[in-house]
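Participant: Coordinates in query03.txt, compact mmCIF, C-alpha atoms, are listed below.
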```txt
# COMPACT_ATOMS: atom_id res chain seq x y z
CA MET X 1 -20.96 125.11 -46.84
CA SER X 2 -21.50 121.39 -47.05
CA ILE X 3 -22.77 119.33 -44.16
CA ARG X 4 -21.06 116.03 -43.46
CA TYR X 5 -21.29 113.10 -41.14
CA PRO X 6 -18.30 112.66 -38.81
CA ASN X 7 -16.88 110.10 -41.23
CA GLY X 8 -16.70 112.73 -43.94
CA LYS X 9 -19.63 111.39 -45.96
CA PRO X 10 -22.01 114.03 -47.28
CA TYR X 11 -25.33 114.49 -45.56
CA LEU X 12 -28.03 113.76 -48.11
CA PRO X 13 -31.49 114.87 -47.04
CA LEU X 14 -34.17 112.38 -47.93
CA PRO X 15 -36.74 113.66 -50.38
CA ASN X 16 -40.00 114.41 -48.62
CA GLU X 17 -43.43 113.32 -49.71
CA SER X 18 -44.27 116.61 -51.38
CA ASN X 19 -41.59 115.67 -53.88
CA GLN X 20 -43.98 113.05 -55.22
CA LEU X 21 -41.59 110.27 -54.33
CA LYS X 22 -44.43 107.77 -54.00
CA LYS X 23 -45.97 108.66 -57.31
CA GLN X 24 -42.76 108.03 -59.23
CA PRO X 25 -41.24 104.86 -57.82
CA ASN X 26 -39.55 103.90 -61.08
CA LYS X 27 -37.88 107.24 -61.45
CA VAL X 28 -36.20 107.34 -58.08
CA SER X 29 -35.68 103.69 -57.30
CA TYR X 30 -32.02 103.49 -58.25
CA GLY X 31 -31.21 106.35 -55.93
CA ASN X 32 -32.57 104.50 -52.91
CA ARG X 33 -32.24 100.88 -53.91
CA GLY X 34 -29.99 98.94 -51.57
CA MET X 35 -29.52 101.86 -49.18
CA SER X 36 -29.35 99.75 -46.05
CA LEU X 37 -26.99 97.30 -47.74
CA GLU X 38 -24.94 100.32 -48.80
CA GLU X 39 -24.87 101.62 -45.24
CA ASP X 40 -23.72 98.26 -43.92
CA ILE X 41 -20.95 98.06 -46.50
CA ASN X 42 -19.84 101.65 -45.90
CA SER X 43 -19.71 100.92 -42.19
CA SER X 44 -17.66 97.77 -42.83
CA ASN X 45 -15.28 99.73 -45.06
CA GLU X 46 -14.85 102.35 -42.34
CA TYR X 47 -13.97 99.55 -39.93
CA TYR X 48 -11.40 98.12 -42.36
CA LEU X 49 -9.93 101.59 -42.88
CA ALA X 50 -9.74 102.40 -39.16
CA LYS X 51 -8.07 99.05 -38.42
CA GLY X 52 -5.59 99.45 -41.26
CA ILE X 53 -6.92 96.32 -42.98
CA ALA X 54 -7.92 97.74 -46.35
CA VAL X 55 -8.72 100.98 -48.17
CA ILE X 56 -12.03 100.51 -49.98
CA HIS X 57 -14.44 103.34 -50.81
CA LYS X 58 -17.76 103.78 -52.54
CA LYS X 59 -17.45 105.97 -55.59
CA PRO X 60 -19.55 109.12 -55.65
CA THR X 61 -22.77 108.95 -57.67
CA PRO X 62 -22.08 110.36 -61.13
CA LEU X 63 -24.19 113.39 -61.95
CA GLN X 64 -24.65 115.28 -65.18
CA ILE X 65 -24.34 118.95 -64.30
CA VAL X 66 -26.34 121.24 -66.56
CA LYS X 67 -26.45 124.59 -64.80
CA VAL X 68 -24.16 126.19 -62.22
CA ASP X 69 -24.59 129.59 -60.60
CA TYR X 70 -21.70 131.54 -59.10
CA PRO X 71 -23.23 133.89 -56.54
CA LYS X 72 -21.00 136.72 -55.32
CA ARG X 73 -19.10 135.96 -52.12
CA SER X 74 -20.32 132.36 -51.84
CA ALA X 75 -19.71 128.91 -53.23
CA ALA X 76 -20.81 127.76 -56.67
CA VAL X 77 -24.36 126.37 -56.62
CA ILE X 78 -25.44 123.62 -58.97
CA LYS X 79 -28.97 124.55 -60.04
CA GLU X 80 -29.72 121.74 -62.47
CA ALA X 81 -28.24 118.26 -62.58
CA TYR X 82 -29.37 114.70 -63.25
CA PHE X 83 -28.47 111.31 -61.84
CA GLN X 84 -26.50 109.14 -64.24
CA GLN X 85 -26.02 105.43 -64.48
CA ALA X 86 -22.53 104.53 -63.32
CA SER X 87 -20.22 103.07 -65.96
CA THR X 88 -18.31 101.06 -63.38
CA THR X 89 -19.09 99.22 -60.16
CA ASP X 90 -19.74 101.19 -56.98
CA TYR X 91 -16.85 100.02 -54.77
CA ASN X 92 -13.14 99.61 -55.28
CA GLY X 93 -9.91 99.79 -53.38
CA VAL X 94 -6.87 97.91 -52.17
CA TYR X 95 -6.30 94.92 -49.88
CA LYS X 96 -2.77 93.54 -49.45
CA GLY X 97 -1.67 95.29 -52.62
CA LYS X 98 -4.38 93.66 -54.71
CA TYR X 99 -7.10 95.54 -56.53
CA ILE X 100 -10.58 94.91 -55.11
CA ASP X 101 -13.70 95.78 -57.12
CA PHE X 102 -17.32 94.94 -56.42
CA GLU X 103 -20.95 95.80 -56.78
CA ALA X 104 -23.58 95.33 -54.04
CA LYS X 105 -27.20 94.51 -54.80
CA GLU X 106 -30.18 93.22 -52.90
CA THR X 107 -33.45 91.54 -53.71
CA LYS X 108 -36.68 90.83 -51.85
CA ASN X 109 -36.92 87.50 -53.67
CA LYS X 110 -36.26 84.45 -51.53
CA THR X 111 -35.29 81.82 -54.07
CA SER X 112 -33.43 83.63 -56.83
CA PHE X 113 -31.51 86.82 -57.64
CA PRO X 114 -32.82 88.76 -60.69
CA LEU X 115 -30.09 89.65 -63.17
CA LYS X 116 -31.87 92.88 -64.07
CA ASN X 117 -30.29 94.33 -60.90
CA PHE X 118 -27.08 94.64 -62.91
CA HIS X 119 -26.50 97.02 -65.78
CA LYS X 120 -24.66 96.06 -68.93
CA HIS X 121 -21.94 98.64 -68.23
CA GLN X 122 -21.26 97.12 -64.84
CA ILE X 123 -20.87 93.64 -66.29
CA GLU X 124 -18.53 94.97 -68.99
CA HIS X 125 -16.48 96.73 -66.34
CA MET X 126 -16.26 93.52 -64.30
CA ARG X 127 -15.00 91.61 -67.34
CA GLN X 128 -12.32 94.24 -67.90
CA VAL X 129 -11.23 94.03 -64.27
CA LEU X 130 -11.06 90.22 -64.43
CA LEU X 131 -8.81 90.49 -67.51
CA GLN X 132 -6.46 92.69 -65.46
CA LYS X 133 -6.43 90.06 -62.69
CA GLY X 134 -8.30 92.25 -60.24
CA ILE X 135 -10.37 90.60 -57.50
CA CYS X 136 -13.89 91.24 -58.68
CA PHE X 137 -17.17 90.06 -57.23
CA SER X 138 -20.67 90.98 -56.22
CA LEU X 139 -22.24 91.12 -52.79
CA LEU X 140 -25.80 89.78 -53.04
CA ARG X 141 -28.24 90.29 -50.20
CA PHE X 142 -31.50 88.41 -49.88
CA SER X 143 -33.15 91.05 -47.73
CA ALA X 144 -36.20 89.02 -46.66
CA ILE X 145 -33.98 86.47 -44.91
CA ASP X 146 -30.97 88.75 -44.37
CA GLU X 147 -28.41 86.53 -46.00
CA VAL X 148 -25.47 88.02 -47.91
CA TYR X 149 -23.37 86.10 -50.42
CA LEU X 150 -20.16 86.89 -52.21
CA LEU X 151 -20.27 85.70 -55.82
CA ASP X 152 -17.14 85.92 -57.97
CA ALA X 153 -17.61 88.08 -61.06
CA ASN X 154 -16.64 85.14 -63.30
CA HIS X 155 -19.83 83.35 -62.23
CA LEU X 156 -21.95 86.49 -62.39
CA CYS X 157 -20.75 87.28 -65.92
CA SER X 158 -21.54 83.71 -67.01
CA PHE X 159 -25.10 83.93 -65.70
CA TRP X 160 -25.41 87.31 -67.37
CA SER X 161 -24.24 85.93 -70.75
CA ASP X 162 -26.59 82.97 -70.50
CA GLN X 163 -29.72 84.90 -69.66
CA GLU X 164 -30.79 85.34 -73.29
CA MET X 165 -30.99 81.58 -73.73
CA SER X 166 -31.65 80.65 -70.15
CA ARG X 167 -32.84 82.14 -66.86
CA LYS X 168 -33.27 85.83 -66.08
CA SER X 169 -32.24 85.23 -62.50
CA ILE X 170 -29.69 83.20 -60.55
CA PRO X 171 -31.26 80.44 -58.41
CA LYS X 172 -30.33 80.90 -54.76
CA LYS X 173 -29.25 77.26 -54.62
CA GLU X 174 -26.58 77.97 -57.24
CA ILE X 175 -25.42 81.04 -55.34
CA GLU X 176 -25.08 78.87 -52.23
CA VAL X 177 -22.89 76.43 -54.16
CA LEU X 178 -20.84 78.81 -56.31
CA GLY X 179 -20.70 81.72 -53.86
CA HIS X 180 -19.78 82.15 -50.22
CA GLN X 181 -22.13 83.21 -47.45
CA ILE X 182 -20.73 86.14 -45.50
CA PRO X 183 -20.82 86.22 -41.70
CA LEU X 184 -22.90 89.16 -40.47
CA GLY X 185 -21.95 90.96 -37.30
CA LEU X 186 -21.45 94.35 -35.76
CA TYR X 187 -17.78 95.19 -36.35
CA PRO X 188 -17.66 94.83 -39.27
CA ARG X 189 -21.29 94.33 -40.20
CA ILE X 190 -20.54 92.49 -43.43
CA ASP X 191 -17.10 90.91 -43.13
CA TYR X 192 -16.56 90.23 -46.83
CA LEU X 193 -12.77 90.51 -46.52
CA SER X 194 -12.70 87.36 -44.38
CA ILE X 195 -14.10 85.54 -47.42
CA ILE X 196 -11.69 87.32 -49.78
CA GLU X 197 -8.81 86.26 -47.56
CA ALA X 198 -9.97 82.63 -47.50
CA VAL X 199 -10.85 82.37 -51.19
CA TYR X 200 -8.23 84.48 -52.96
CA PHE X 201 -5.24 84.51 -50.59
CA SER X 202 -4.93 80.96 -49.35
CA MET B 1 -32.17 112.01 -70.27
CA SER B 2 -28.45 112.49 -69.84
CA ILE B 3 -26.14 113.34 -72.73
CA ARG B 4 -22.91 111.43 -73.01
CA TYR B 5 -19.82 111.26 -75.12
CA PRO B 6 -19.35 108.01 -77.08
CA ASN B 7 -17.04 106.77 -74.33
CA GLY B 8 -19.85 107.01 -71.81
CA LYS B 9 -18.49 110.08 -70.06
CA PRO B 10 -21.08 112.70 -69.16
CA TYR B 11 -21.26 115.84 -71.23
CA LEU B 12 -20.57 118.76 -68.91
CA PRO B 13 -21.38 122.15 -70.42
CA LEU B 14 -18.83 124.78 -69.53
CA PRO B 15 -20.16 127.65 -67.45
CA ASN B 16 -20.60 130.74 -69.60
CA GLU B 17 -19.42 134.22 -68.79
CA SER B 18 -22.78 135.38 -67.50
CA ASN B 19 -22.17 133.00 -64.64
CA GLN B 20 -19.57 135.44 -63.31
CA LEU B 21 -16.85 132.89 -63.74
CA LYS B 22 -14.22 135.56 -64.16
CA LYS B 23 -15.31 137.53 -61.14
CA GLN B 24 -14.99 134.57 -58.80
CA PRO B 25 -11.78 132.80 -59.72
CA ASN B 26 -11.18 131.46 -56.24
CA LYS B 27 -14.63 129.97 -56.00
CA VAL B 28 -14.49 127.94 -59.17
CA SER B 29 -10.81 127.20 -59.51
CA TYR B 30 -10.91 123.66 -58.21
CA GLY B 31 -13.59 122.79 -60.71
CA ASN B 32 -11.44 123.79 -63.65
CA ARG B 33 -7.92 123.42 -62.31
CA GLY B 34 -5.95 120.92 -64.29
CA MET B 35 -8.67 120.41 -66.87
CA SER B 36 -6.32 119.87 -69.76
CA LEU B 37 -4.14 117.57 -67.71
CA GLU B 38 -7.32 115.74 -66.74
CA GLU B 39 -8.34 115.41 -70.38
CA ASP B 40 -4.93 114.03 -71.31
CA ILE B 41 -5.07 111.48 -68.49
CA ASN B 42 -8.64 110.46 -69.30
CA SER B 43 -7.61 109.99 -72.92
CA SER B 44 -4.62 107.89 -71.84
CA ASN B 45 -6.86 105.78 -69.61
CA GLU B 46 -9.27 105.21 -72.51
CA TYR B 47 -6.31 104.03 -74.58
CA TYR B 48 -5.20 101.63 -71.84
CA LEU B 49 -8.77 100.33 -71.49
CA ALA B 50 -9.29 99.87 -75.24
CA LYS B 51 -5.95 98.02 -75.55
CA GLY B 52 -6.68 95.80 -72.56
CA ILE B 53 -3.65 97.15 -70.70
CA ALA B 54 -5.30 98.50 -67.54
CA VAL B 55 -8.65 99.57 -66.09
CA ILE B 56 -8.19 102.99 -64.53
CA HIS B 57 -10.96 105.57 -64.15
CA LYS B 58 -11.40 109.03 -62.74
CA LYS B 59 -13.85 109.08 -59.87
CA PRO B 60 -16.92 111.28 -60.25
CA THR B 61 -16.76 114.64 -58.49
CA PRO B 62 -18.46 114.32 -55.12
CA LEU B 63 -21.47 116.60 -54.75
CA GLN B 64 -23.61 117.42 -51.76
CA ILE B 65 -27.20 117.19 -52.94
CA VAL B 66 -29.59 119.50 -51.06
CA LYS B 67 -32.78 119.58 -53.12
CA VAL B 68 -34.24 117.14 -55.62
CA ASP B 69 -37.46 117.56 -57.58
CA TYR B 70 -39.41 114.65 -58.98
CA PRO B 71 -41.46 116.02 -61.87
CA LYS B 72 -44.27 113.82 -63.15
CA ARG B 73 -43.31 111.60 -66.08
CA SER B 74 -39.66 112.64 -66.15
CA ALA B 75 -36.37 112.02 -64.41
CA ALA B 76 -35.48 113.37 -60.98
CA VAL B 77 -33.92 116.84 -61.22
CA ILE B 78 -31.33 118.02 -58.73
CA LYS B 79 -32.18 121.67 -58.07
CA GLU B 80 -29.55 122.51 -55.46
CA ALA B 81 -26.18 120.90 -54.91
CA TYR B 82 -22.63 121.92 -54.02
CA PHE B 83 -19.18 120.77 -55.03
CA GLN B 84 -17.33 118.92 -52.29
CA GLN B 85 -13.68 118.35 -51.70
CA ALA B 86 -12.84 114.75 -52.49
CA SER B 87 -11.70 112.63 -49.55
CA THR B 88 -9.55 110.43 -51.79
CA THR B 89 -7.43 110.87 -54.88
CA ASP B 90 -9.09 111.30 -58.27
CA TYR B 91 -7.88 108.19 -60.11
CA ASN B 92 -7.69 104.53 -59.26
CA GLY B 93 -7.83 101.16 -60.92
CA VAL B 94 -5.99 97.95 -61.70
CA TYR B 95 -2.85 97.08 -63.67
CA LYS B 96 -1.60 93.48 -63.69
CA GLY B 97 -3.67 92.72 -60.59
CA LYS B 98 -2.09 95.56 -58.61
CA TYR B 99 -3.99 98.48 -57.18
CA ILE B 100 -3.09 101.81 -58.83
CA ASP B 101 -3.99 105.11 -57.16
CA PHE B 102 -2.93 108.61 -58.08
CA GLU B 103 -3.65 112.30 -58.10
CA ALA B 104 -2.85 114.66 -60.99
CA LYS B 105 -1.94 118.31 -60.48
CA GLU B 106 -0.36 121.05 -62.50
CA THR B 107 1.39 124.33 -61.84
CA LYS B 108 2.38 127.34 -63.89
CA ASN B 109 5.56 127.63 -61.83
CA LYS B 110 8.73 126.65 -63.63
CA THR B 111 11.12 125.82 -60.81
CA SER B 112 8.99 124.26 -58.05
CA PHE B 113 5.67 122.56 -57.37
CA PRO B 114 3.56 124.20 -54.62
CA LEU B 115 2.33 121.73 -51.99
CA LYS B 116 -0.88 123.69 -51.53
CA ASN B 117 -2.13 121.90 -54.66
CA PHE B 118 -2.73 118.89 -52.43
CA HIS B 119 -5.37 118.65 -49.72
CA LYS B 120 -4.76 117.05 -46.37
CA HIS B 121 -7.38 114.37 -47.05
CA GLN B 122 -5.63 113.34 -50.24
CA ILE B 123 -2.29 112.96 -48.46
CA GLU B 124 -3.93 110.91 -45.71
CA HIS B 125 -5.57 108.71 -48.31
CA MET B 126 -2.21 108.19 -50.05
CA ARG B 127 -0.63 107.15 -46.76
CA GLN B 128 -3.40 104.61 -46.21
CA VAL B 129 -2.94 103.21 -49.71
CA LEU B 130 0.83 102.91 -49.20
CA LEU B 131 0.21 100.94 -45.99
CA GLN B 132 -1.91 98.51 -48.02
CA LYS B 133 0.94 98.15 -50.54
CA GLY B 134 -0.97 99.88 -53.33
CA ILE B 135 1.00 101.63 -56.07
CA CYS B 136 0.41 105.27 -55.24
CA PHE B 137 1.86 108.37 -56.85
CA SER B 138 1.18 111.80 -58.22
CA LEU B 139 1.39 113.07 -61.78
CA LEU B 140 2.85 116.58 -61.71
CA ARG B 141 2.69 118.79 -64.79
CA PHE B 142 4.74 121.92 -65.22
CA SER B 143 2.35 123.47 -67.70
CA ALA B 144 4.60 126.35 -68.85
CA ILE B 145 7.18 123.89 -70.17
CA ASP B 146 4.81 120.94 -70.65
CA GLU B 147 6.79 118.44 -68.65
CA VAL B 148 5.01 115.74 -66.62
CA TYR B 149 6.64 113.81 -63.79
CA LEU B 150 5.57 110.79 -61.82
CA LEU B 151 6.45 111.18 -58.14
CA ASP B 152 5.91 108.25 -55.77
CA ALA B 153 3.53 109.06 -52.92
CA ASN B 154 6.23 108.19 -50.36
CA HIS B 155 8.24 111.20 -51.55
CA LEU B 156 5.19 113.44 -51.83
CA CYS B 157 4.07 112.58 -48.29
CA SER B 158 7.57 113.32 -46.96
CA PHE B 159 7.61 116.76 -48.58
CA TRP B 160 4.10 117.33 -47.23
CA SER B 161 5.15 116.43 -43.66
CA ASP B 162 8.23 118.63 -43.85
CA GLN B 163 6.52 121.75 -45.11
CA GLU B 164 5.82 123.16 -41.64
CA MET B 165 9.54 123.26 -40.91
CA SER B 166 10.79 123.56 -44.43
CA ARG B 167 9.64 124.52 -47.93
CA LYS B 168 6.04 125.00 -49.06
CA SER B 169 6.89 123.65 -52.47
CA ILE B 170 8.97 120.86 -54.02
CA PRO B 171 11.95 122.14 -56.03
CA LYS B 172 11.76 120.90 -59.61
CA LYS B 173 15.35 119.69 -59.34
CA GLU B 174 14.32 117.30 -56.59
CA ILE B 175 11.36 116.08 -58.64
CA GLU B 176 13.75 115.39 -61.51
CA VAL B 177 15.93 113.29 -59.22
CA LEU B 178 13.30 111.52 -57.11
CA GLY B 179 10.60 111.27 -59.79
CA HIS B 180 10.43 110.07 -63.37
CA GLN B 181 9.69 112.21 -66.39
CA ILE B 182 6.88 110.74 -68.45
CA PRO B 183 7.12 110.52 -72.24
CA LEU B 184 4.38 112.58 -73.90
CA GLY B 185 2.81 111.42 -77.13
CA LEU B 186 -0.48 110.91 -78.92
CA TYR B 187 -1.50 107.33 -78.07
CA PRO B 188 -1.39 107.46 -75.14
CA ARG B 189 -0.81 111.14 -74.49
CA ILE B 190 0.73 110.60 -71.04
CA ASP B 191 2.18 107.10 -70.91
CA TYR B 192 2.51 106.86 -67.14
CA LEU B 193 2.09 103.08 -67.15
CA SER B 194 5.40 102.70 -69.00
CA ILE B 195 7.02 104.29 -65.95
CA ILE B 196 4.95 102.16 -63.56
CA GLU B 197 6.08 99.06 -65.44
CA ALA B 198 9.73 100.08 -65.29
CA VAL B 199 9.75 101.28 -61.66
CA TYR B 200 7.38 98.89 -59.86
CA PHE B 201 7.38 95.72 -61.97
CA SER B 202 11.02 95.16 -62.89
```
Using the file provided, produce a representation of the structure as structure tokens.
Facilitator:
Amino acid sequence: MSIRYPNGKPYLPLPNESNQLKKQPNKVSYGNRGMSLEEDINSSNEYYLAKGIAVIHKKPTPLQIVKVDYPKRSAAVIKEAYFQQASTTDYNGVYKGKYIDFEAKETKNKTSFPLKNFHKHQIEHMRQVLLQKGICFSLLRFSAIDEVYLLDANHLCSFWSDQEMSRKSIPKKEIEVLGHQIPLGLYPRIDYLSIIEAVYFS
Amino acid sequence: MSIRYPNGKPYLPLPNESNQLKKQPNKVSYGNRGMSLEEDINSSNEYYLAKGIAVIHKKPTPLQIVKVDYPKRSAAVIKEAYFQQASTTDYNGVYKGKYIDFEAKETKNKTSFPLKNFHKHQIEHMRQVLLQKGICFSLLRFSAIDEVYLLDANHLCSFWSDQEMSRKSIPKKEIEVLGHQIPLGLYPRIDYLSIIEAVYFS
């Protein structure tokens, strides 16, 4: 029944304009936010998988299912469901035996990265992963200038904790110092494992 | 909008009888199969998380979304979606820095475990995880006698490969020899990490 891309990912039709997408930007934003960053990361993960370098997947979007129909002689149809905020980060997997866990976000800002891009649950999850000695970080894209940085979750969690008393965003200059700019290419598009290798394995 | 349990898990109403659940057992089986085993594992994972022992979660069920409505002044409603077969295993996470990955299945059989419980994609995923030196296994419950075994994915993949020439199920006697019976209790209900500790960390 289901339609998939050749890589096995589900085909998700984009909502059309009659769905009032433009009238409700706040309601649908988290479904589309960071889509191109997501595509680049998924493509990079497929490259890593095909080359036998790492096994890292995006988790499916959690949905609250309210109503399911079971038509005769065909597959179950979900007739009512809602998007839910994830309680963990979006990506995890394994590289050289180590647990890898990260969240990817982007901003149109040029000089700072707003902390409101992260949810409390995600930060809590990152702290739990750090306690278990997992490799945990965020990929931050400044979309206007197409620069992507890897920032260790220890730093991100510190900025998050400080935001009540201090800034609501992370200055790009601090990301440049504390984080690591990721080389962008074609195969893979966002080679974040080259940074992981250099930072955590050497 | 969404209703959740205190642990953040979504509340999923069970389909009622008018949904023809009983008339279509084959169509809905993979949605309910292993539910009580799943509950026991989720409960064990919550225990591990609360005690700071490990961070292991069940992945959300992948759904193919076909139609979404965006009503004015309320959340997006998914009006048509279908269950999809997962391309990975159901559970993964981190324990002492190591990547943990497993699938949980149960059978009513008493003397063997049918291999048809596993999908080809799941076996392929397990092989990829093993190549990356992740800790990968299956939890197998014999529900009639309430015994749960941990079987390393290396063994499971071998049985899977051999099934064309050999048996379509794994004899319980072989699982008893090659696997490890897991102590069942209350906190946690299925203490599979005690086996992981003994087998992979000592």
Participant: Go through segment 19-132 of chain B and flag each residue having an atom no more than 8 Å from segment 81-99 of chain X; for those, report the closest pair of atoms plus their distance in Å to one decimal, using only C-alpha atoms, ordered by chain and rising number, as CSV.
Facilitator:
```
residue,atom,partner,partner_atom,distance
B:Ala75,CA,X:Tyr82,CA,7.6
B:Ala76,CA,X:Tyr82,CA,6.7
B:Val77,CA,X:Tyr82,CA,5.4
B:Ile78,CA,X:Ala81,CA,4.9
B:Lys79,CA,X:Ala81,CA,6.9
B:Asn92,CA,X:Gly93,CA,7.9
B:Gly93,CA,X:Tyr99,CA,7.2
B:Val94,CA,X:Tyr99,CA,5.8
B:Gly97,CA,X:Lys98,CA,6.0
B:Lys98,CA,X:Lys98,CA,4.9
B:Tyr99,CA,X:Tyr99,CA,4.3
B:Ile100,CA,X:Tyr99,CA,7.8
B:Val129,CA,X:Val94,CA,7.0
B:Gln132,CA,X:Lys96,CA,5.2
```
Participant: Restricting the calculation to only C-alpha atoms: of X:Asp162, X:Glu46, X:Asp69, X:Glu106, which residue gets closest to chain B?
Facilitator: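 Using only C-alpha atoms, chain B sits closest to X:Asp69.
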Participant: Compute the distance from (2.6, 102.9, -62.1) to each atom, counting all atoms listed in the file, keep the residues with any atom at most 10 Å away, and return them as a ChimeraX atom specification; use the coordinates of the file.
Facilitator: /B:94-95,98-102,134-138,150-152,191-201
Participant: Between X:Ser158, X:Gln128, X:Ser74, X:Ser143, which has the minimum distance to Val55 of chain B (counting only C-alpha atoms)?
Facilitator: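 Result for the nearest residue to Val55 of chain B: X:Gln128.
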Participant: How far is it from atom CA of Asp40 of chain B to atom CA of Ser169 of chain B, in Å with one decimal?
Facilitator: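 So the answer is 24.2 Å.
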Participant: If we count all atoms listed in the file and set the cut-off at 7 Å, which residues sit around Ser112 of chain B, ignoring sequence neighbours fewer than 6 positions away in its own chain? Please answer as a compact mmCIF listing (two decimals) with C-alpha atoms, in the frame of the given file.
Facilitator:
```txt
# COMPACT_ATOMS: atom_id res chain seq x y z
CA SER B 169 6.89 123.65 -52.47
CA ILE B 170 8.97 120.86 -54.02
CA PRO B 171 11.95 122.14 -56.03
CA LYS B 172 11.76 120.90 -59.61
```
Participant: Go through B:Lys67, B:Lys116, B:Lys105, B:Lys51 and flag the residue nearest chain X, using only C-alpha atoms for the distances.
Facilitator: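 Looking at the shortest contact to chain X, the residue is B:Lys67.
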Participant: If you measure from atom CA of Asn45 of chain B to atom CA of Ala153 of chain X, what distance in Å do you get, rounded to one decimal?
Facilitator: 22.4 Å
Participant: Of the candidates X:Leu115, X:Leu37, X:Leu130, X:Ile123, which shows the shortest atom-to-atom distance to chain B, using all atoms listed in the file?
Facilitator: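 So, comparing all the options, the nearest one is X:Leu130.
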Participant: Enter the distance from atom CA of Arg189 of chain X to atom CA of Phe142 of chain X, in Å, rounded to one decimal.
Facilitator: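 Rounded to one decimal, the two atoms are 15.3 Å apart.
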Participant: Which of these residues is nearest to chain B, using all atoms listed in the file: X:Asp146, X:Glu38, X:Tyr48, X:Tyr70?
Facilitator: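 The closest residue to chain B is X:Tyr70.
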Participant: Starting from the point (-29.2, 88.4, -48.6), work out which residues of protein, DNA or RNA have an atom no more than 9 Å away when counting only C-alpha atoms; state them as JSON, numbers by chain.
Facilitator: {"X": [105, 106, 107, 108, 110, 139, 140, 141, 142, 143, 144, 145, 146, 147, 148, 149, 181]}
Participant: Point out the residue among B:Leu63, B:Lys58, B:Tyr187, B:Pro114 with the least atom-to-atom distance to Gln163 of chain B, counting all atoms listed in the file.
Facilitator: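 Closest residue, counting all atoms listed in the file: B:Pro114.
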